[in-house]
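A.B. asks: Structure: coords-v3.cif, mmCIF, C-alpha atoms.
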```cif
data_model
loop_
_atom_site.label_atom_id
_atom_site.label_comp_id
_atom_site.auth_asym_id
_atom_site.auth_seq_id
_atom_site.Cartn_x
_atom_site.Cartn_y
_atom_site.Cartn_z
CA MET A 1 -30.49 -43.13 -22.75
CA GLN A 2 -27.88 -40.96 -24.45
CA SER A 3 -30.48 -38.37 -25.42
CA THR A 4 -31.65 -38.22 -21.80
CA ALA A 5 -28.10 -37.51 -20.62
CA VAL A 6 -27.74 -34.77 -23.20
CA LEU A 7 -31.04 -33.28 -22.10
CA LEU A 8 -29.96 -33.31 -18.46
CA GLN A 9 -26.71 -31.58 -19.37
CA CYS A 10 -28.61 -28.88 -21.26
CA VAL A 11 -30.93 -28.36 -18.32
CA ALA A 12 -27.99 -28.14 -15.92
CA LEU A 13 -26.18 -25.61 -18.11
CA ARG A 14 -29.35 -23.55 -18.46
CA PHE A 15 -29.79 -23.58 -14.68
CA LEU A 16 -26.19 -22.46 -14.10
CA CYS A 17 -26.59 -19.67 -16.64
CA CYS A 18 -29.77 -18.48 -14.98
CA LEU A 19 -28.15 -18.66 -11.55
CA SER A 20 -25.14 -16.69 -12.78
CA THR A 21 -27.42 -14.09 -14.38
CA GLU A 22 -29.41 -13.75 -11.15
CA ARG A 23 -26.23 -13.25 -9.15
CA ILE A 24 -25.03 -10.57 -11.54
CA CYS A 25 -28.38 -8.81 -11.35
CA LEU A 26 -28.33 -9.07 -7.56
CA SER A 27 -24.82 -7.59 -7.43
CA ARG A 28 -25.86 -4.75 -9.71
CA ARG A 29 -28.93 -4.08 -7.60
CA THR A 30 -26.86 -4.16 -4.40
CA TRP A 31 -24.38 -1.75 -5.96
CA ALA A 32 -27.10 0.63 -7.11
CA GLU A 33 -28.78 0.62 -3.70
CA ASN A 34 -25.69 1.02 -1.53
CA ALA A 35 -22.94 2.75 -3.53
CA HIS A 36 -22.84 6.53 -3.32
CA LEU A 37 -20.21 8.37 -5.34
CA ARG A 38 -21.01 11.71 -6.95
CA TRP A 39 -19.46 12.98 -10.16
CA GLY A 40 -18.40 16.13 -8.36
CA GLU A 41 -16.28 14.05 -6.00
CA VAL A 42 -14.67 12.25 -8.94
CA LEU A 43 -13.88 15.58 -10.62
CA LEU A 44 -12.35 16.98 -7.43
CA CYS A 45 -10.20 13.87 -7.11
CA GLY A 46 -9.06 14.30 -10.71
CA LEU A 47 -8.02 17.90 -10.05
CA CYS A 48 -6.01 16.74 -7.04
CA VAL A 49 -4.27 14.19 -9.25
CA LEU A 50 -3.12 17.00 -11.51
CA ALA A 51 -2.03 18.98 -8.47
CA TRP A 52 0.05 16.06 -7.13
CA THR A 53 1.74 15.64 -10.52
CA VAL A 54 2.58 19.33 -10.90
CA LEU A 55 3.76 19.56 -7.30
CA ARG A 56 6.02 16.53 -7.65
CA ARG A 57 7.64 17.87 -10.83
CA ALA A 58 8.24 21.25 -9.20
CA ALA A 59 9.61 19.71 -6.00
CA ALA A 60 11.96 17.41 -7.91
CA ARG A 61 13.23 20.19 -10.17
CA ARG A 62 13.60 22.95 -7.61
CA VAL A 63 14.27 21.13 -4.32
CA PHE A 64 15.19 17.44 -4.43
CA ARG A 65 17.56 17.35 -7.44
CA PRO A 66 19.44 20.55 -6.51
CA PHE A 67 19.81 19.24 -2.97
CA GLY A 68 21.19 15.93 -4.26
CA GLU A 69 23.68 17.79 -6.45
CA TRP A 70 24.69 20.01 -3.55
CA CYS A 71 25.32 16.90 -1.41
CA LYS A 72 27.31 15.34 -4.29
CA LEU A 73 25.48 12.03 -4.23
CA GLN A 74 26.57 9.20 -6.45
CA PRO A 75 24.82 9.36 -9.86
CA LYS A 76 22.45 6.43 -9.30
CA ASP A 77 21.61 7.57 -5.78
CA ALA A 78 21.02 11.12 -6.99
CA ALA A 79 18.60 9.80 -9.62
CA LYS A 80 16.59 7.74 -7.12
CA MET A 81 16.62 10.21 -4.23
CA PRO A 82 13.84 12.55 -5.50
CA GLU A 83 11.40 9.63 -5.80
CA SER A 84 12.01 8.47 -2.21
CA ALA A 85 11.98 12.04 -0.88
CA TRP A 86 8.61 12.67 -2.54
CA LYS A 87 7.10 9.47 -1.13
CA LEU A 88 8.52 10.15 2.32
CA LEU A 89 6.94 13.60 2.26
CA PHE A 90 3.52 12.27 1.28
CA TYR A 91 3.44 9.28 3.64
CA THR A 92 4.65 11.38 6.55
CA ILE A 93 1.79 13.80 5.94
CA SER A 94 -0.82 11.09 5.41
CA TRP A 95 0.24 9.03 8.43
CA SER A 96 0.42 12.12 10.64
CA TYR A 97 -3.08 13.07 9.54
CA GLY A 98 -4.23 9.52 10.32
CA CYS A 99 -2.74 9.88 13.80
CA TYR A 100 -4.63 13.12 14.22
CA LEU A 101 -7.94 11.50 13.25
CA LEU A 102 -7.49 8.46 15.47
CA PHE A 103 -5.90 10.01 18.56
CA PHE A 104 -6.75 13.72 18.64
CA THR A 105 -10.43 13.69 17.69
CA ASP A 106 -13.51 12.01 19.09
CA TYR A 107 -13.27 8.99 16.76
CA PRO A 108 -12.86 5.85 18.94
CA PHE A 109 -11.92 3.53 16.06
CA PHE A 110 -8.44 2.59 17.27
CA TYR A 111 -9.35 1.82 20.87
CA ASP A 112 -12.81 0.46 20.03
CA PRO A 113 -12.59 -1.18 16.56
CA PRO A 114 -16.23 -2.42 16.49
CA SER A 115 -17.29 1.24 16.58
CA VAL A 116 -16.37 1.58 12.90
CA PHE A 117 -19.77 0.03 12.14
CA TYR A 118 -21.84 1.72 14.83
CA ASP A 119 -24.76 3.60 13.27
CA TRP A 120 -23.70 2.53 9.79
CA LYS A 121 -26.26 3.41 7.13
CA LYS A 122 -26.12 3.19 3.38
CA GLY A 123 -25.51 6.59 1.88
CA MET A 124 -24.54 8.08 5.23
CA ASP A 125 -22.60 11.35 5.15
CA VAL A 126 -18.83 11.10 5.30
CA PRO A 127 -17.34 13.50 7.88
CA THR A 128 -15.30 16.25 6.25
CA ASP A 129 -12.03 15.35 8.01
CA ILE A 130 -12.30 11.70 6.89
CA ALA A 131 -13.32 12.76 3.38
CA ILE A 132 -10.13 14.84 3.21
CA ALA A 133 -8.04 11.78 4.10
CA TYR A 134 -9.76 9.76 1.39
CA LEU A 135 -9.29 12.53 -1.14
CA LEU A 136 -5.55 12.64 -0.40
CA GLN A 137 -5.10 8.88 -0.61
CA CYS A 138 -7.31 8.25 -3.63
CA SER A 139 -5.82 11.09 -5.66
CA PHE A 140 -2.28 10.09 -4.70
CA TYR A 141 -2.76 6.52 -5.92
CA TRP A 142 -4.33 7.81 -9.10
CA HIS A 143 -1.30 10.06 -9.54
CA SER A 144 0.99 7.11 -8.75
CA ILE A 145 -0.37 5.20 -11.75
CA TYR A 146 0.80 7.99 -14.02
CA ALA A 147 4.04 8.50 -12.06
CA THR A 148 5.02 4.83 -12.25
CA ALA A 149 4.52 4.80 -16.01
CA TYR A 150 6.02 8.19 -16.94
CA MET A 151 7.95 9.73 -14.03
CA ASP A 152 9.61 6.98 -11.97
CA THR A 153 12.61 4.98 -13.15
CA TRP A 154 11.23 2.04 -15.12
CA ARG A 155 12.09 -1.20 -13.36
CA LYS A 156 11.45 -4.81 -14.16
CA ASP A 157 8.59 -4.93 -11.63
CA SER A 158 6.98 -1.67 -12.73
CA ILE A 159 4.12 -3.61 -14.32
CA VAL A 160 3.40 -5.17 -10.92
CA MET A 161 3.51 -1.73 -9.33
CA LEU A 162 1.01 -0.43 -11.88
CA LEU A 163 -1.31 -3.33 -11.14
CA HIS A 164 -1.00 -2.69 -7.42
CA HIS A 165 -1.86 0.98 -7.78
CA VAL A 166 -4.94 0.14 -9.86
CA VAL A 167 -6.14 -2.37 -7.25
CA ALA A 168 -5.44 0.00 -4.35
CA LEU A 169 -7.25 2.85 -6.10
CA THR A 170 -10.25 0.61 -6.77
CA LEU A 171 -10.45 -0.56 -3.17
CA ILE A 172 -10.14 2.92 -1.73
CA ALA A 173 -12.91 4.15 -4.05
CA PHE A 174 -15.15 1.17 -3.24
CA SER A 175 -14.75 1.59 0.52
CA TYR A 176 -15.68 5.25 0.18
CA ALA A 177 -18.66 4.55 -2.07
CA PHE A 178 -20.06 1.93 0.32
CA ARG A 179 -19.37 4.13 3.33
CA TYR A 180 -16.80 1.84 4.93
CA HIS A 181 -14.66 4.93 5.46
CA ASN A 182 -14.27 4.41 9.22
CA VAL A 183 -12.51 1.07 8.85
CA GLY A 184 -10.63 2.47 5.85
CA ILE A 185 -8.98 5.12 8.03
CA LEU A 186 -7.81 2.40 10.39
CA VAL A 187 -6.37 0.32 7.55
CA LEU A 188 -4.50 3.29 6.10
CA PHE A 189 -3.04 4.21 9.48
CA LEU A 190 -1.76 0.68 10.10
CA HIS A 191 -0.01 0.54 6.72
CA ASP A 192 1.36 4.05 6.11
CA ILE A 193 3.84 3.85 8.99
CA ASN A 194 5.85 1.18 7.16
CA ASP A 195 6.15 3.38 4.08
CA VAL A 196 7.46 6.25 6.21
CA GLN A 197 10.16 4.04 7.71
CA LEU A 198 10.99 2.46 4.36
CA GLU A 199 11.53 5.70 2.46
CA PHE A 200 13.44 7.29 5.35
CA THR A 201 15.76 4.28 5.49
CA LYS A 202 16.30 4.36 1.72
CA LEU A 203 17.26 8.04 1.85
CA ASN A 204 19.90 7.27 4.45
CA VAL A 205 21.20 4.50 2.20
CA TYR A 206 21.54 7.02 -0.63
CA PHE A 207 23.23 9.63 1.59
CA LYS A 208 25.83 7.41 3.25
CA HIS A 209 28.15 7.86 0.23
CA ARG A 210 28.25 11.50 -0.79
CA GLY A 211 31.00 13.81 -1.87
CA GLY A 212 33.23 10.79 -2.29
CA VAL A 213 33.16 10.23 1.48
CA TYR A 214 31.58 7.42 3.52
CA HIS A 215 29.28 8.76 6.28
CA ARG A 216 28.93 6.26 9.10
CA LEU A 217 25.99 8.04 10.75
CA ASN A 218 23.75 7.47 7.72
CA ASP A 219 24.88 3.85 7.60
CA ILE A 220 23.96 3.35 11.26
CA ILE A 221 20.58 5.03 10.76
CA SER A 222 19.85 2.82 7.72
CA ASN A 223 20.68 -0.30 9.75
CA ILE A 224 18.46 0.83 12.62
CA GLY A 225 15.77 1.73 10.08
CA CYS A 226 15.74 -1.78 8.67
CA LEU A 227 15.41 -3.23 12.17
CA THR A 228 12.56 -0.92 13.20
CA PHE A 229 10.90 -1.50 9.84
CA SER A 230 10.87 -5.24 10.53
CA VAL A 231 9.48 -4.82 14.04
CA SER A 232 6.80 -2.33 12.99
CA TRP A 233 5.77 -4.55 10.09
CA PHE A 234 4.94 -7.34 12.54
CA TRP A 235 3.35 -5.06 15.12
CA PHE A 236 1.15 -3.01 12.81
CA ARG A 237 0.32 -5.47 10.00
CA LEU A 238 0.39 -8.86 11.71
CA TYR A 239 -0.76 -8.01 15.23
CA TRP A 240 -2.88 -4.88 15.23
CA PHE A 241 -4.33 -5.39 11.76
CA PRO A 242 -6.02 -8.77 12.54
CA LEU A 243 -6.79 -7.72 16.10
CA LYS A 244 -8.50 -4.48 15.16
CA VAL A 245 -9.49 -4.53 11.48
CA LEU A 246 -10.30 -8.18 10.77
CA TYR A 247 -12.12 -8.58 14.06
CA ALA A 248 -14.26 -5.55 13.26
CA THR A 249 -14.98 -6.47 9.63
CA CYS A 250 -15.47 -10.23 10.05
CA TYR A 251 -17.35 -10.35 13.36
CA SER A 252 -18.44 -6.96 14.68
CA SER A 253 -19.86 -5.84 11.33
CA LEU A 254 -22.50 -8.58 11.42
CA GLN A 255 -23.44 -7.66 14.97
CA SER A 256 -24.07 -4.05 14.00
CA VAL A 257 -25.34 -4.56 10.44
CA PRO A 258 -26.58 -8.16 9.88
CA ASN A 259 -27.11 -7.69 6.13
CA ILE A 260 -24.11 -5.51 5.43
CA PRO A 261 -23.53 -5.35 1.64
CA PHE A 262 -20.54 -7.04 -0.02
CA TYR A 263 -19.49 -8.59 3.29
CA PHE A 264 -17.64 -11.52 1.70
CA PHE A 265 -16.09 -9.41 -1.05
CA PHE A 266 -14.38 -6.93 1.26
CA ASN A 267 -13.41 -9.48 3.90
CA ALA A 268 -11.92 -11.76 1.26
CA LEU A 269 -9.70 -8.91 0.09
CA LEU A 270 -8.66 -8.09 3.65
CA LEU A 271 -7.82 -11.75 4.32
CA VAL A 272 -5.74 -11.89 1.14
CA LEU A 273 -3.94 -8.77 2.33
CA THR A 274 -3.20 -10.49 5.63
CA LEU A 275 -1.76 -13.52 3.89
CA MET A 276 0.42 -11.28 1.74
CA ASN A 277 1.68 -9.48 4.85
CA ILE A 278 2.58 -12.83 6.43
CA TYR A 279 4.30 -13.99 3.25
CA TRP A 280 6.45 -10.86 2.99
CA PHE A 281 7.23 -10.89 6.71
CA LEU A 282 8.80 -14.33 6.37
CA TYR A 283 11.30 -12.86 3.90
CA ILE A 284 11.95 -9.95 6.24
CA VAL A 285 12.70 -12.39 9.07
CA LEU A 286 15.10 -14.35 6.86
CA PHE A 287 16.87 -11.13 5.88
CA VAL A 288 17.30 -10.09 9.53
CA ALA A 289 18.59 -13.57 10.34
CA LYS A 290 21.23 -13.21 7.63
CA VAL A 291 22.27 -9.85 9.11
CA LEU A 292 22.61 -11.37 12.59
CA MET A 293 24.65 -14.28 11.21
CA GLY A 294 27.01 -11.89 9.44
CA GLN A 295 26.05 -12.93 5.91
CA VAL A 296 24.97 -9.35 5.13
CA HIS A 297 27.60 -6.84 6.18
CA GLU A 298 26.07 -3.60 4.93
CA VAL A 299 22.59 -2.39 4.13
CA ASN A 300 22.67 -1.03 0.61
CA ASP A 301 20.23 -0.26 -2.18
CA VAL A 302 21.33 -2.40 -5.11
CA ARG A 303 17.95 -2.85 -6.70
CA GLU A 304 18.03 -3.13 -10.48
CA TYR A 305 17.85 0.28 -12.06
CA ASP A 306 16.09 -0.77 -15.18
CA VAL A 307 15.32 -3.76 -17.31
CA GLU A 308 18.67 -3.69 -19.08
CA ASP A 309 20.66 -3.54 -15.85
CA SER A 310 18.67 -6.42 -14.41
CA LYS A 311 19.34 -8.55 -17.48
CA LYS A 312 23.07 -7.96 -17.16
CA THR A 313 23.13 -8.91 -13.50
CA THR A 314 20.80 -11.91 -13.63
CA ALA A 315 23.53 -14.38 -14.56
CA ALA A 316 25.83 -13.14 -11.81
CA LYS A 317 23.09 -13.27 -9.21
CA LYS A 318 22.26 -16.88 -10.02
CA LYS A 319 25.83 -17.84 -9.10
CA GLU A 320 25.62 -16.19 -5.70
CA SER A 321 24.56 -18.21 -2.69
CA GLY A 322 22.02 -16.92 -0.24
CA LEU A 323 18.47 -15.65 -0.23
CA GLN A 324 17.03 -13.56 -3.04
CA LEU A 325 13.73 -11.91 -2.28
CA PRO A 326 10.98 -11.39 -4.87
CA SER A 327 10.74 -7.99 -6.50
CA ALA A 328 7.08 -7.84 -5.43
CA LEU A 329 8.34 -6.58 -2.08
CA LYS A 330 8.63 -3.08 -3.53
CA GLU A 331 11.75 -0.99 -3.56
CA GLY A 332 13.34 -0.98 -0.15
CA CYS A 333 16.27 -1.83 2.03
CA VAL A 334 18.50 -4.21 0.14
CA GLY A 335 21.56 -5.96 1.47
CA ARG A 336 24.48 -7.66 -0.16
CA GLY A 337 23.41 -11.24 -0.65
CA GLY A 338 19.81 -10.57 0.39
CA ASP A 339 16.87 -8.24 -0.18
CA LEU A 340 14.47 -6.53 2.15
CA ASP A 341 11.65 -5.08 0.12
CA SER A 342 8.35 -3.72 1.20
CA THR A 343 5.22 -4.49 -0.70
CA SER A 344 3.99 -2.09 -3.19
CA GLY A 345 1.14 -3.18 -2.19
CA LEU A 346 1.73 -3.54 -0.03
CA GLY A 347 4.18 -1.17 1.49
CA GLU A 348 2.08 1.12 -0.43
CA GLY A 349 -0.53 -1.51 -0.54
CA LYS A 350 -3.66 -0.50 1.32
CA MET A 351 -6.58 -2.61 0.62
CA LEU A 352 -9.72 -1.27 2.22
#
```
Represent the supplied structure as structure tokens.
C.D. replies:
Amino acid sequence: MQSTAVLLQCVALRFLCCLSTERICLSRRTWAENAHLRWGEVLLCGLCVLAWTVLRRAAARRVFRPFGEWCKLQPKDAAKMPESAWKLLFYTISWSYGCYLLFFTDYPFFYDPPSVFYDWKKGMDVPTDIAIAYLLQCSFYWHSIYATAYMDTWRKDSIVMLLHHVVALTLIAFSYAFRYHNVGILVLFLHDINDVQLEFTKLNVYFKHRGGVYHRLNDIISNIGCLTFSVSWFWFRLYWFPLKVLYATCYSSLQSVPNIPFYFFFNALLLVLTLMNIYWFLYIVLFVAKVLMGQVHEVNDVREYDVEDSKKTTAAKKKESGLQLPSALKEGCVGRGGDLDSTSGLGEGKML
């Protein structure tokens, strides 16, 4: 009887191994049949990565840092300002280009989300204007991996940021290779706007104390920026994103392409992204509630500068009452007694 049980276990294990092997082979075959990514495109992306890196160094050295010195920013603000200015510049360009594609061309993706899968074919040509958007985004995230490790101020959540950039880069590349570029443009558009608002608000936080003088206008703008950031987060990521993207990928895709490859893989990632957006929005709501109740009197960027600074302030922070938000919410608007961070993956986090 015992030998029979052992035999059945061996048979079951062998069956599971065979099933797993078949699934792996099927996935490889599906990848080989449907993924289209040429080495020339990879090389071009790599050259753009180098261009982003050189351009950022030049801009920081010749524009952002001299401007911060001329404005007489506080030392910590002057050190962080070039990073936010660089990101604001990129996200403004990328989001503006997304607006151009969705509202000033013949692409109906925003007003007719199911159209992202109309006439979908494996290996179909990617329109030049969309390919340019993908080249910008993919190369920028590739550059961001290097920048986070060697150019940005090292923070206690920098490892998380590196992981986010790797995941985002992988998803952007996969969506391009499988020709899901139409829905990818929609996803990027719905997420980039929050990064524009976030970096603009942070710059006003840095500039409200300059030359030893408090500037009320920048303080007011930073407060308004936090409010509009909260509203736009809900509108773009929690209303339009499910309404337009998830509806198209979960339902309309099967109507247009019944056997669309990696259906569950991509939709699972998009659903996880939605849950993350909901999770972070709850913290944003709690932060706004604290502002309305007077528990946060001034929007300020007091995020830990580096690992050592964070260690020194950990004990003091534990004694404070009030809400502390997770560092996964990316660098952002931070208030006394509470944090308002955007995702780095989310803020920056685009999962296609």
A.B. asks: Separation of atom CA of Asp195 of chain A and atom CA of Thr128 of chain A, in Å?
C.D. replies: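 Value for the atom CA of Asp195 of chain A-atom CA of Thr128 of chain A distance: 25.1 Å.
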A.B. asks: Would you give me, as a Markdown table, each residue of segment 51-80 of chain A having an atom within 7 Å of an atom of segment 206-213 of chain A, along with its shortest atom pair and that distance in Å to one decimal, using all atoms listed in the file and sorting by chain and residue number?
C.D. replies:
```
| residue | atom | partner | partner_atom | distance |
| --- | --- | --- | --- | --- |
| A:Cys71 | CA | A:Arg210 | CA | 6.2 |
| A:Lys72 | CA | A:Gly211 | CA | 4.7 |
| A:Leu73 | CA | A:Arg210 | CA | 4.4 |
| A:Gln74 | CA | A:Arg210 | CA | 6.3 |
| A:Asp77 | CA | A:Tyr206 | CA | 5.2 |
```
A.B. asks: Let me know the residues the PyMOL selection byres ((chain A and resi 57) around 12) catches in the file above, as a list in words.
C.D. replies: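 Those residues are Leu50, Ala51, Trp52, Thr53, Val54, Leu55, Arg56, Ala58, Ala59, Ala60, Arg61, Arg62, Val63, Phe64, Arg65, Pro82, Glu83, Trp86, His143, Ala147, Tyr150, Met151 and Asp152 of chain A.
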A.B. asks: Let me make sure I understand: among A:Thr201, A:Leu238, A:Ser230, A:Leu269, which one has the smallest atom-to-atom distance to Ile172 of chain A if we use only C-alpha atoms?
C.D. replies: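 Ranking A:Thr201, A:Leu238, A:Ser230, A:Leu269 by distance to Ile172 of chain A, first place goes to A:Leu269.
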A.B. asks: Could you state the separation of atom CA of Leu246 of chain A and atom CA of Thr170 of chain A in Å, given to one decimal place?
C.D. replies: 19.6 Å
A.B. asks: Go through A:Val183, A:Ile220, A:Val245, A:Val291 one by one, measure the shortest atom-to-atom distance of each to Leu271 of chain A using all atoms listed in the file, and give the residue with the smallest value.
C.D. replies: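 Closest residue, counting all atoms listed in the file: A:Val245.
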A.B. asks: I want to know what sits within 9 Å of segment 35-46 of chain A, based on all atoms listed in the file, with residues of the same chain fewer than 3 positions away left out; could you give that as a list in words?
C.D. replies: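 Near segment 35-46 of chain A, the qualifying residues are Thr30, Trp31, Ala32, Val49, Leu50, Ala51, Lys122, Gly123, Met124, Leu135, Leu136, Cys138, Ser139, Trp142, His143, Ala173, Phe174, Tyr176, Ala177, Phe178 and Arg179 of chain A.
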A.B. asks: Expand the PyMOL selection byres ((chain A and resi 94) around 9) into the individual residues it matches in the shown file, reporting them as a list in words.
C.D. replies: Leu89, Phe90, Tyr91, Thr92, Ile93, Trp95, Ser96, Tyr97, Gly98, Cys99, Ala133, Leu136, Gln137, Leu188, Phe189 and Asp192 of chain A
A.B. asks: Name the closest residue to Tyr111 of chain A among the candidates A:Asn204, A:Leu186, A:His215, A:Ser256; distances are taken between atoms, counting all atoms listed in the file.
C.D. replies: A:Leu186
A.B. asks: Expand the PyMOL selection byres ((chain A and resi 119) around 12) into the explicit residue set it covers here, and present it as a VMD selection string.
C.D. replies: chain A and resid 114 to 118 120 to 125 179 to 180 182 253 255 to 257
A.B. asks: Would you mind reading off the distance between atom CA of Ile132 of chain A and atom CA of His165 of chain A, one decimal, in Å?
C.D. replies: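 One can read the atom CA of Ile132 of chain A to atom CA of His165 of chain A distance as 19.5 Å.
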A.B. asks: Please identify all polymer residues within 12 Å of Ile224 of chain A, counting only C-alpha atoms, omitting same-chain residues fewer than 2 positions from it, and present them as a PyMOL selection string.
C.D. replies: chain A and resi 197-198+200-202+204-205+217-222+226-231+288+291+298-299+333
A.B. asks: Using only C-alpha atoms, which of the listed residues (A:Asp106, A:Asp129, A:Glu69, A:Asp112) sits closest to Lys244 of chain A?
C.D. replies: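 Of the candidates, the smallest distance to Lys244 of chain A is held by A:Asp112.
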A.B. asks: Go through A:Ala289, A:Leu270, A:Phe103, A:Phe110 one by one, measure the shortest atom-to-atom distance of each to Ala168 of chain A using all atoms listed in the file, and give the residue with the smallest value.
C.D. replies: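 The shortest atom-to-atom distance to Ala168 of chain A comes from A:Leu270.
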